[in-house]
Each structure stands twice: as C-alpha cells, then as structure tokens.
Amino acid sequence: PNIRYFNTYVDEELKRAKRLGYPVSLLMMDLERFKAVNDRYGHRNGDLLLLEVGKLLRGQLRKSDICLRYGGDEFLALLPGVDKRTARQTIRRIQALFDEKPLMNIDGNDVLVGISMGVSTFPADGLDPDMLIAIADRDMYGDKLERTDDEERSPQVVPFERRKE
C-alpha cells in the first residue's frame, strides 16, 4: 500500500477503534546506514535492499497490520488492537533481526543495515494520524540517538591471539 491508501485506512481504523474501544499502535521506522548502500553499490541495489526490508517487515507483522514505505528509507506500520507494550516487543524483535544478519549480499559483500523505530498508540498519545505520526517520529529519533550512542560506546572487538611461547 502507498501513503494515500494509508491515509484513508488510518482514518477508518481510528474511528473503528474509538467506537469499539481498542488501541492502535503506529510504528515509525528509519533505516540506519542506508545512504552508504546507495553511495557504495548504487541506487538499483538500494532499491533491491528496500524490497528485502519490506519482506522482512511483512514477515514480522500480522496480516491485519498495514506496512508501507513512507518516504526514502522510512517506513510506517499500523497495528490495530496492539497496545504500546506489545508494540515495543514487536520493535525489539524486528531490530534484533536487522542487527543479527545481513539482508543481502552485493558483489560478495554482506550488507548489514540497522533500523531505528518509534511508536505511538491511539488514544493515549493522540487521536488523529498527524499527532500519532509526530509522536512516533519523535520516539524514533530518541531510539536513533540511543542506538548511535550504543555503537559509539561499544569497544572494537579485537580477535584473540595466542601468545607464542
């Protein structure tokens, strides 16, 4: 689905959630190190990587969830009936998949990208799509800063070498 479909769907879903009294969580996602893929391997390979990202995301979401490319290397997902605690579990699961294995191999090089994610939940964080997107976006940037700090704090792993006797 594209953003036009999302805009129509989210309005209908929020009306239904209000009427029936269930939460709806919105995930905002931004790829880490994606620009480097485009710069090093070209935009065609960047597009192929985005397809792999889409497949990975769809594989971690329910059929009733909507997931789409929001723009550039950003994605949105709408999770009807999902509270914030459960949405954060979904975030941890998705980030672990991105962090643990390369999404593709280009010219013999494994391509590893990370993903920063944020969440907002209807009705606690907002009653309209614009507010939910703004809050999830802000939460995502907090996650991005934490993940960047973690990478900078992580010591370089030095391979073990046996001393010669």
# chains A, B, ... in the order shown; residues from 1 in each chain; ligands from 1
>>> select_by_dssp(residues="stretch 76-138 of chain A", states="alpha helix (DSSP H)", output="PyMOL selection string")
chain A and resi 84-100+129-138
>>> write_last_selection(atoms="N, CA and C atoms", output="short mmCIF file (atom, residue, chain, number, x, y, z; two decimals), in the first residue's frame")
data_model
loop_
_atom_site.label_atom_id
_atom_site.label_comp_id
_atom_site.auth_asym_id
_atom_site.auth_seq_id
_atom_site.Cartn_x
_atom_site.Cartn_y
_atom_site.Cartn_z
N LYS A 84 0.86 -0.31 23.53
CA LYS A 84 2.24 0.16 23.42
C LYS A 84 3.24 -0.89 23.89
N ARG A 85 2.93 -1.60 24.97
CA ARG A 85 3.85 -2.62 25.48
C ARG A 85 4.10 -3.70 24.43
N THR A 86 3.03 -4.17 23.81
CA THR A 86 3.17 -5.20 22.78
C THR A 86 3.88 -4.64 21.55
N ALA A 87 3.60 -3.39 21.21
CA ALA A 87 4.28 -2.75 20.07
C ALA A 87 5.79 -2.67 20.33
N ARG A 88 6.18 -2.36 21.56
CA ARG A 88 7.62 -2.29 21.89
C ARG A 88 8.26 -3.68 21.78
N GLN A 89 7.53 -4.73 22.10
CA GLN A 89 8.05 -6.09 21.91
C GLN A 89 8.28 -6.36 20.42
N THR A 90 7.35 -5.90 19.60
CA THR A 90 7.50 -6.05 18.15
C THR A 90 8.74 -5.30 17.67
N ILE A 91 8.95 -4.10 18.19
CA ILE A 91 10.12 -3.30 17.83
C ILE A 91 11.40 -4.06 18.17
N ARG A 92 11.48 -4.58 19.38
CA ARG A 92 12.69 -5.32 19.79
C ARG A 92 12.94 -6.52 18.89
N ARG A 93 11.87 -7.23 18.54
CA ARG A 93 12.01 -8.41 17.68
C ARG A 93 12.52 -8.01 16.28
N ILE A 94 11.97 -6.95 15.72
CA ILE A 94 12.38 -6.50 14.38
C ILE A 94 13.82 -6.01 14.42
N GLN A 95 14.16 -5.20 15.41
CA GLN A 95 15.53 -4.67 15.48
C GLN A 95 16.55 -5.79 15.64
N ALA A 96 16.21 -6.81 16.40
CA ALA A 96 17.14 -7.93 16.58
C ALA A 96 17.41 -8.62 15.25
N LEU A 97 16.39 -8.77 14.42
CA LEU A 97 16.59 -9.39 13.11
C LEU A 97 17.50 -8.56 12.22
N PHE A 98 17.30 -7.25 12.24
CA PHE A 98 18.14 -6.37 11.43
C PHE A 98 19.58 -6.37 11.92
N ASP A 99 19.74 -6.42 13.24
CA ASP A 99 21.08 -6.32 13.83
C ASP A 99 21.89 -7.60 13.71
N GLU A 100 21.22 -8.74 13.58
CA GLU A 100 21.96 -10.00 13.67
C GLU A 100 22.43 -10.58 12.35
N PRO A 129 -4.17 10.94 13.06
CA PRO A 129 -2.96 10.39 12.43
C PRO A 129 -1.76 11.32 12.49
N ASP A 130 -1.97 12.61 12.29
CA ASP A 130 -0.83 13.53 12.30
C ASP A 130 -0.13 13.54 13.65
N MET A 131 -0.90 13.54 14.73
CA MET A 131 -0.31 13.53 16.07
C MET A 131 0.40 12.20 16.32
N LEU A 132 -0.21 11.09 15.92
CA LEU A 132 0.41 9.78 16.11
C LEU A 132 1.72 9.68 15.34
N ILE A 133 1.75 10.18 14.13
CA ILE A 133 2.98 10.15 13.33
C ILE A 133 4.04 11.04 13.98
N ALA A 134 3.66 12.23 14.44
CA ALA A 134 4.63 13.13 15.06
C ALA A 134 5.25 12.51 16.32
N ILE A 135 4.43 11.87 17.14
CA ILE A 135 4.94 11.27 18.38
C ILE A 135 5.80 10.05 18.08
N ALA A 136 5.38 9.22 17.14
CA ALA A 136 6.19 8.04 16.76
C ALA A 136 7.51 8.50 16.15
N ASP A 137 7.48 9.58 15.39
CA ASP A 137 8.70 10.12 14.77
C ASP A 137 9.67 10.61 15.85
N ARG A 138 9.15 11.31 16.84
CA ARG A 138 9.99 11.79 17.94
C ARG A 138 10.57 10.61 18.72
#
>>> residues_around(residues="A:Leu56", least_positions_apart="2", cutoff="12 Å", atoms="only C-alpha atoms", output="PyMOL selection string")
chain A and resi 49-54+58-61+67+93-98+101-104+115
